[in-house]
>>> print(open('start19.pdb').read())   # PDB, C-alpha atoms
ATOM      1  CA  MET H  13     -65.713  -6.684  22.290  1.00  0.00           C
ATOM      2  CA  LYS H  14     -66.484  -4.662  25.387  1.00  0.00           C
ATOM      3  CA  ASP H  15     -66.287  -0.886  25.369  1.00  0.00           C
ATOM      4  CA  LEU H  16     -62.778  -0.046  26.565  1.00  0.00           C
ATOM      5  CA  SER H  17     -63.109   3.721  26.329  1.00  0.00           C
ATOM      6  CA  GLY H  18     -62.769   5.446  29.657  1.00  0.00           C
ATOM      7  CA  LEU H  19     -60.113   3.051  30.942  1.00  0.00           C
ATOM      8  CA  PRO H  20     -56.982   4.650  32.392  1.00  0.00           C
ATOM      9  CA  PRO H  21     -53.733   4.759  30.396  1.00  0.00           C
ATOM     10  CA  ALA H  22     -51.999   1.383  30.216  1.00  0.00           C
ATOM     11  CA  CYS H  23     -48.458   0.065  30.102  1.00  0.00           C
ATOM     12  CA  ILE H  24     -48.303  -3.443  28.617  1.00  0.00           C
ATOM     13  CA  VAL H  25     -45.176  -5.600  28.548  1.00  0.00           C
ATOM     14  CA  ALA H  26     -44.999  -8.705  26.341  1.00  0.00           C
ATOM     15  CA  VAL H  27     -42.125 -11.141  26.011  1.00  0.00           C
ATOM     16  CA  GLU H  28     -41.604 -13.685  23.251  1.00  0.00           C
ATOM     17  CA  PHE H  29     -41.787 -16.729  25.515  1.00  0.00           C
ATOM     18  CA  ASP H  30     -44.830 -15.550  27.482  1.00  0.00           C
ATOM     19  CA  PRO H  31     -47.858 -17.889  27.477  1.00  0.00           C
ATOM     20  CA  CYS H  32     -49.903 -15.242  25.614  1.00  0.00           C
ATOM     21  CA  PRO H  33     -47.804 -12.531  23.887  1.00  0.00           C
ATOM     22  CA  ASP H  34     -50.211 -12.178  20.961  1.00  0.00           C
ATOM     23  CA  GLU H  35     -53.105 -11.497  23.307  1.00  0.00           C
ATOM     24  CA  ALA H  36     -51.125  -8.731  25.014  1.00  0.00           C
ATOM     25  CA  VAL H  37     -50.466  -7.018  21.681  1.00  0.00           C
ATOM     26  CA  ALA H  38     -54.110  -7.467  20.605  1.00  0.00           C
ATOM     27  CA  TYR H  39     -55.306  -5.930  23.872  1.00  0.00           C
ATOM     28  CA  ALA H  40     -53.012  -2.950  23.336  1.00  0.00           C
ATOM     29  CA  GLN H  41     -54.430  -2.528  19.828  1.00  0.00           C
ATOM     30  CA  ASN H  42     -57.991  -2.676  21.185  1.00  0.00           C
ATOM     31  CA  LEU H  43     -57.161  -0.033  23.776  1.00  0.00           C
ATOM     32  CA  LEU H  44     -55.689   2.200  21.084  1.00  0.00           C
ATOM     33  CA  ALA H  45     -58.808   1.728  18.961  1.00  0.00           C
ATOM     34  CA  ALA H  46     -60.822   2.942  21.981  1.00  0.00           C
ATOM     35  CA  GLU H  47     -58.503   5.982  22.182  1.00  0.00           C
ATOM     36  CA  VAL H  48     -56.963   4.853  25.475  1.00  0.00           C
ATOM     37  CA  PRO H  49     -53.292   5.879  25.785  1.00  0.00           C
ATOM     38  CA  VAL H  50     -51.100   2.772  25.664  1.00  0.00           C
ATOM     39  CA  GLU H  51     -47.404   2.145  26.088  1.00  0.00           C
ATOM     40  CA  LEU H  52     -46.526  -1.283  24.625  1.00  0.00           C
ATOM     41  CA  HIS H  53     -43.117  -2.908  25.144  1.00  0.00           C
ATOM     42  CA  VAL H  54     -42.323  -6.175  23.338  1.00  0.00           C
ATOM     43  CA  PHE H  55     -39.091  -8.003  24.187  1.00  0.00           C
ATOM     44  CA  PRO H  56     -38.177 -10.632  21.572  1.00  0.00           C
ATOM     45  CA  GLY H  57     -36.180 -13.563  22.915  1.00  0.00           C
ATOM     46  CA  ALA H  58     -37.119 -12.809  26.511  1.00  0.00           C
ATOM     47  CA  TYR H  59     -38.757 -15.179  29.008  1.00  0.00           C
ATOM     48  CA  ASP H  60     -41.541 -14.486  31.478  1.00  0.00           C
ATOM     49  CA  LEU H  61     -40.027 -15.765  34.708  1.00  0.00           C
ATOM     50  CA  ALA H  62     -43.328 -15.470  36.584  1.00  0.00           C
ATOM     51  CA  PHE H  63     -44.556 -18.781  35.121  1.00  0.00           C
TER      52      PHE H  63
END
>>> encode(input="start19.pdb", output="structure tokens")
Amino acid sequence: MKDLSGLPPACIVAVEFDPCPDEAVAYAQNLLAAEVPVELHVFPGAYDLAF
């Protein structure tokens, strides 16, 4: 894994029917492990209308 420390604070939004919701949560966890402030919002039952 790359060094994520020093990245700016992040806001990550994941929806249940997104092509990669697990990856979004894992990325948020990796940022937290690097002590980067993260705001994670997960919306169960929601669709990502961008795809």
>>> residues_around(input="start19.pdb", residues="Leu52 (chain H)", least_positions_apart="4", cutoff="7 Å", atoms="only C-alpha atoms", output="list in words")
Cys23, Ile24, Val25 and Ala40 of chain H
>>> residues_around(input="start19.pdb", residues="region 42-49 of chain H", least_positions_apart="3", cutoff="8 Å", atoms="all atoms listed in the file", output="PyMOL selection string")
chain H and resi 15-22+38-39
>>> residues_near_point(input="start19.pdb", point="(-41.9, -14.3, 31.3)", cutoff="12 Å", atoms="all atoms listed in the file", output="list in words")
Val25, Ala26, Val27, Glu28, Phe29, Asp30, Pro31, Cys32, Pro33, Val54, Phe55, Pro56, Gly57, Ala58, Tyr59, Asp60, Leu61, Ala62 and Phe63 of chain H
>>> axis_aligned_box(input="start19.pdb", around="region 51-57 of chain H", padding_each_side="6 Å", output="AutoDock Vina command-line options")
--center_x -41.8 --center_y -5.7 --center_z 23.8 --size_x 23.2 --size_y 27.7 --size_z 16.5
